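Asks: Structure supplied as target.txt; contents: compact mmCIF, C-alpha atoms.
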```
# COMPACT_ATOMS: atom_id res chain seq x y z
CA MET A 1 4.66 117.34 153.59
CA GLY A 2 7.89 115.39 153.74
CA GLY A 3 11.25 116.99 153.25
CA ILE A 4 13.01 116.85 149.94
CA THR A 5 16.69 116.22 149.87
CA GLY A 6 18.91 118.73 148.14
CA ALA A 7 20.12 116.05 145.71
CA ALA A 8 16.57 115.19 144.61
CA ALA A 9 15.67 118.82 144.07
CA THR A 10 18.91 119.37 142.17
CA ALA A 11 18.24 116.31 139.98
CA GLY A 12 14.69 117.46 139.26
CA GLY A 13 15.91 120.96 138.45
CA ALA A 14 18.61 119.59 136.20
CA SER A 15 16.01 117.52 134.32
CA ILE A 16 13.81 120.54 133.78
CA ALA A 17 16.78 122.70 132.77
CA SER A 18 17.93 120.00 130.36
CA ALA A 19 14.45 119.81 128.85
CA GLY A 20 14.33 123.59 128.49
CA LEU A 21 17.72 123.67 126.82
CA GLY A 22 16.60 120.88 124.50
CA ILE A 23 13.61 122.96 123.41
CA VAL A 24 15.75 126.06 122.87
CA SER A 25 18.37 124.10 120.93
CA SER A 26 15.80 122.44 118.70
CA VAL A 27 13.99 125.71 117.97
CA MET A 28 17.26 127.51 117.21
CA GLY A 29 18.18 124.74 114.76
CA GLY A 30 14.78 125.11 113.09
CA GLU A 31 15.17 128.87 112.92
CA ALA A 32 18.58 128.48 111.29
CA THR A 33 17.18 126.04 108.72
CA ASN A 34 14.24 128.36 108.08
CA ALA A 35 16.53 131.37 107.65
CA ALA A 36 18.75 129.48 105.19
CA ASP A 37 15.72 128.30 103.21
CA GLN A 38 14.20 131.78 103.14
CA TYR A 39 17.52 133.21 101.91
CA GLN A 40 17.76 130.63 99.11
CA ALA A 41 14.11 131.30 98.23
CA GLY A 42 14.93 135.00 97.91
CA ILE A 43 17.79 134.21 95.55
CA LEU A 44 15.54 132.03 93.39
CA SER A 45 12.84 134.71 93.35
CA GLU A 46 15.40 137.24 92.10
CA LYS A 47 16.57 134.79 89.43
CA ALA A 48 12.97 134.34 88.31
CA GLN A 49 12.50 138.11 88.02
CA LEU A 50 15.74 138.42 86.06
CA GLY A 51 14.50 135.65 83.77
CA GLN A 52 11.31 137.59 83.09
CA THR A 53 13.36 140.66 82.22
CA GLN A 54 15.69 138.61 80.02
CA ALA A 55 12.70 137.19 78.11
CA VAL A 56 11.48 140.72 77.35
CA GLU A 57 14.98 141.72 76.21
CA VAL A 58 15.32 138.64 73.98
CA ASN A 59 11.95 139.42 72.41
CA ALA A 60 12.94 143.02 71.66
CA ASN A 61 16.36 141.99 70.34
CA SER A 62 14.80 139.32 68.11
CA VAL A 63 12.40 141.83 66.59
CA MET A 64 15.29 144.22 65.87
CA ARG A 65 17.36 141.43 64.26
CA LEU A 66 14.39 140.32 62.16
CA ASN A 67 13.79 143.86 60.94
CA ALA A 68 17.49 144.17 60.04
CA SER A 69 17.38 140.87 58.14
CA LEU A 70 14.25 141.88 56.24
CA GLY A 71 15.84 145.23 55.42
CA ASN A 72 18.94 143.44 54.08
CA ILE A 73 16.78 141.17 51.92
CA ASP A 74 14.95 144.18 50.51
CA ALA A 75 18.22 146.04 49.90
CA VAL A 76 19.90 143.13 48.08
CA ARG A 77 16.84 142.46 45.96
CA ALA A 78 16.48 146.17 45.12
CA ALA A 79 20.19 146.38 44.21
CA SER A 80 19.71 143.51 41.78
CA GLY A 81 16.70 145.23 40.25
CA ASP A 82 14.10 142.79 41.56
CA SER A 83 10.68 144.06 42.56
CA PRO A 84 10.06 144.18 46.34
CA THR A 85 6.54 142.89 45.66
CA SER A 86 7.63 139.85 43.64
CA PRO A 87 6.59 136.37 44.81
CA THR A 88 10.27 135.49 45.40
CA ALA A 89 10.75 138.49 47.70
CA ALA A 90 7.57 137.59 49.58
CA ALA A 91 8.74 133.98 49.97
CA LEU A 92 12.18 135.07 51.26
CA ARG A 93 10.62 137.48 53.72
CA SER A 94 8.13 134.82 54.87
CA VAL A 95 10.80 132.14 55.44
CA THR A 96 13.08 134.61 57.23
CA THR A 97 10.22 135.80 59.46
CA SER A 98 9.11 132.25 60.22
CA ASN A 99 12.63 131.13 61.17
CA ALA A 100 13.19 134.20 63.34
CA ASP A 101 9.84 133.73 65.10
CA GLN A 102 10.60 130.06 65.75
CA ASN A 103 14.04 130.85 67.19
CA LYS A 104 12.56 133.63 69.33
CA ALA A 105 9.82 131.34 70.66
CA ILE A 106 12.36 128.67 71.58
CA GLN A 107 14.67 131.12 73.37
CA ILE A 108 11.88 132.86 75.25
CA GLY A 109 10.23 129.53 76.09
CA ASN A 110 13.47 128.22 77.60
CA ILE A 111 14.00 131.38 79.62
CA LEU A 112 10.43 131.44 80.92
CA SER A 113 10.56 127.73 81.74
CA GLN A 114 13.67 128.30 83.86
CA SER A 115 12.00 131.30 85.48
CA GLU A 116 8.96 129.18 86.38
CA MET A 117 11.25 126.52 87.86
CA ASP A 118 12.94 129.21 89.96
CA VAL A 119 9.56 130.43 91.23
CA ALA A 120 8.54 126.86 92.09
CA GLY A 121 11.87 126.31 93.88
CA ALA A 122 11.45 129.53 95.84
CA ASN A 123 7.93 128.54 96.88
CA TYR A 124 9.15 125.11 97.93
CA LEU A 125 12.00 126.54 100.02
CA LYS A 126 9.68 129.01 101.73
CA SER A 127 7.35 126.18 102.63
CA ALA A 128 10.20 123.87 103.66
CA GLY A 129 11.68 126.54 105.93
CA SER A 130 8.37 127.08 107.69
CA PHE A 131 7.90 123.32 108.03
CA ALA A 132 11.42 122.91 109.47
CA LEU A 133 10.68 125.57 112.06
CA SER A 134 7.38 124.01 113.11
CA GLN A 135 8.96 120.55 113.26
CA SER A 136 11.83 121.84 115.39
CA ILE A 137 9.34 123.25 117.89
CA LEU A 138 7.45 119.98 117.98
CA SER A 139 10.69 118.01 118.30
CA GLY A 140 11.87 120.23 121.14
CA VAL A 141 8.63 119.88 123.06
CA THR A 142 8.46 116.09 122.62
CA GLY A 143 12.14 115.76 123.53
CA ALA A 144 11.57 117.82 126.66
CA ALA A 145 8.55 115.75 127.58
CA GLY A 146 10.64 112.61 127.16
CA THR A 147 13.41 113.99 129.36
CA VAL A 148 11.02 115.03 132.09
CA GLY A 149 9.12 111.74 131.73
CA LYS A 150 12.29 109.73 132.37
CA THR A 151 13.06 111.71 135.50
CA ASN A 152 12.45 110.00 138.81
CA PRO A 153 9.13 111.40 140.12
CA ALA A 154 10.64 111.86 143.57
CA ASN A 155 13.09 114.33 142.02
CA LEU A 156 10.22 116.36 140.55
CA SER A 157 8.17 116.57 143.75
CA ALA A 158 10.01 119.75 144.68
CA PHE A 159 8.28 121.39 141.70
CA ALA A 160 4.78 120.03 142.41
CA GLY A 161 3.46 123.40 143.54
CA LEU A 162 4.47 124.92 140.23
CA PHE A 163 2.24 122.58 138.28
CA THR A 164 -0.76 122.13 140.61
CA PRO A 165 -3.19 125.07 140.55
CA GLY A 166 -3.88 126.42 144.02
CA ALA A 167 -1.24 124.28 145.72
CA ALA A 168 1.25 125.91 148.01
CA PRO A 169 4.87 125.53 146.98
CA PRO A 170 6.77 122.87 148.92
CA VAL A 171 8.88 124.00 151.83
CA PRO A 172 12.35 122.46 151.97
CA VAL A 173 13.17 120.87 155.32
```
Have the structure of the file written as structure tokens, please.
Replies:
Amino acid sequence: MGGITGAAATAGGASIASAGLGIVSSVMGGEATNAADQYQAGILSEKAQLGQTQAVEVNANSVMRLNASLGNIDAVRAASGDSPTSPTAAALRSVTTSNADQNKAIQIGNILSQSEMDVAGANYLKSAGSFALSQSILSGVTGAAGTVGKTNPANLSAFAGLFTPGAAPPVPV
């Protein structure tokens, strides 16, 4: 086996080191992107949970306000001497209930719609973070392969024993 000059071995080693650093750098970038996406996904998940809670609170508050409004209608009509079972009282109660239910449905629908958008955003960011990580690994490996592929083969011959099963490592002369 011929001797390998120190410069060739150094060049080959530098190529491999550069490729290794490229992989590490790419993966670290992917991990950072993934961590940022996972953090943002967590924030959106919390917002979605808060939206669910807010919808329940709005529902309860709307029911209380409706009951207060119906009580006021009954009190005013009773104070004026009108029968609580009159058709006018029933119509007032019906219109008031219908309006309150419509307003409640709109408010709760808007809150739940936003909550669903937050859940969808969180799911997207979780997926995007995982994808960024896998792409960074792939990018690092292909970049390393490109770096090593552009290296003069004579400079890599010092490492031939590392990549050939059963071959003895080269002996520098």
Asks: Can you tell me, as a ChimeraX atom specification, what residues are no more than 8 Å from Asp74 (chain A) when counting only C-alpha atoms, ignoring any on the same chain fewer than 3 positions away?
Replies: /A:70-71,77-78,84,89
Asks: Please tell me which residues are no farther than 12 Å from (17.0, 128.9, 114.8) in the file, counting all atoms listed in the file, and write them as a PDB file with C-alpha atoms, in the coordinates of the input.
Replies:
```
ATOM      1  CA  ILE A  23      13.610 122.960 123.410  1.00  0.00           C
ATOM      2  CA  VAL A  24      15.750 126.060 122.870  1.00  0.00           C
ATOM      3  CA  SER A  25      18.370 124.100 120.930  1.00  0.00           C
ATOM      4  CA  SER A  26      15.800 122.440 118.700  1.00  0.00           C
ATOM      5  CA  VAL A  27      13.990 125.710 117.970  1.00  0.00           C
ATOM      6  CA  MET A  28      17.260 127.510 117.210  1.00  0.00           C
ATOM      7  CA  GLY A  29      18.180 124.740 114.760  1.00  0.00           C
ATOM      8  CA  GLY A  30      14.780 125.110 113.090  1.00  0.00           C
ATOM      9  CA  GLU A  31      15.170 128.870 112.920  1.00  0.00           C
ATOM     10  CA  ALA A  32      18.580 128.480 111.290  1.00  0.00           C
ATOM     11  CA  THR A  33      17.180 126.040 108.720  1.00  0.00           C
ATOM     12  CA  ASN A  34      14.240 128.360 108.080  1.00  0.00           C
ATOM     13  CA  ALA A  35      16.530 131.370 107.650  1.00  0.00           C
ATOM     14  CA  ALA A  36      18.750 129.480 105.190  1.00  0.00           C
ATOM     15  CA  ASP A  37      15.720 128.300 103.210  1.00  0.00           C
ATOM     16  CA  GLY A 129      11.680 126.540 105.930  1.00  0.00           C
ATOM     17  CA  SER A 130       8.370 127.080 107.690  1.00  0.00           C
ATOM     18  CA  ALA A 132      11.420 122.910 109.470  1.00  0.00           C
ATOM     19  CA  LEU A 133      10.680 125.570 112.060  1.00  0.00           C
ATOM     20  CA  SER A 134       7.380 124.010 113.110  1.00  0.00           C
ATOM     21  CA  GLN A 135       8.960 120.550 113.260  1.00  0.00           C
ATOM     22  CA  SER A 136      11.830 121.840 115.390  1.00  0.00           C
ATOM     23  CA  ILE A 137       9.340 123.250 117.890  1.00  0.00           C
ATOM     24  CA  GLY A 140      11.870 120.230 121.140  1.00  0.00           C
TER      25      GLY A 140
END
```
Asks: One decimal, in Å: what's the spacing between CA of Ala91 (chain A) and CA of Asn59 (chain A)?
Replies: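 Between CA of Ala91 (chain A) and CA of Asn59 (chain A) the gap is 23.3 Å.
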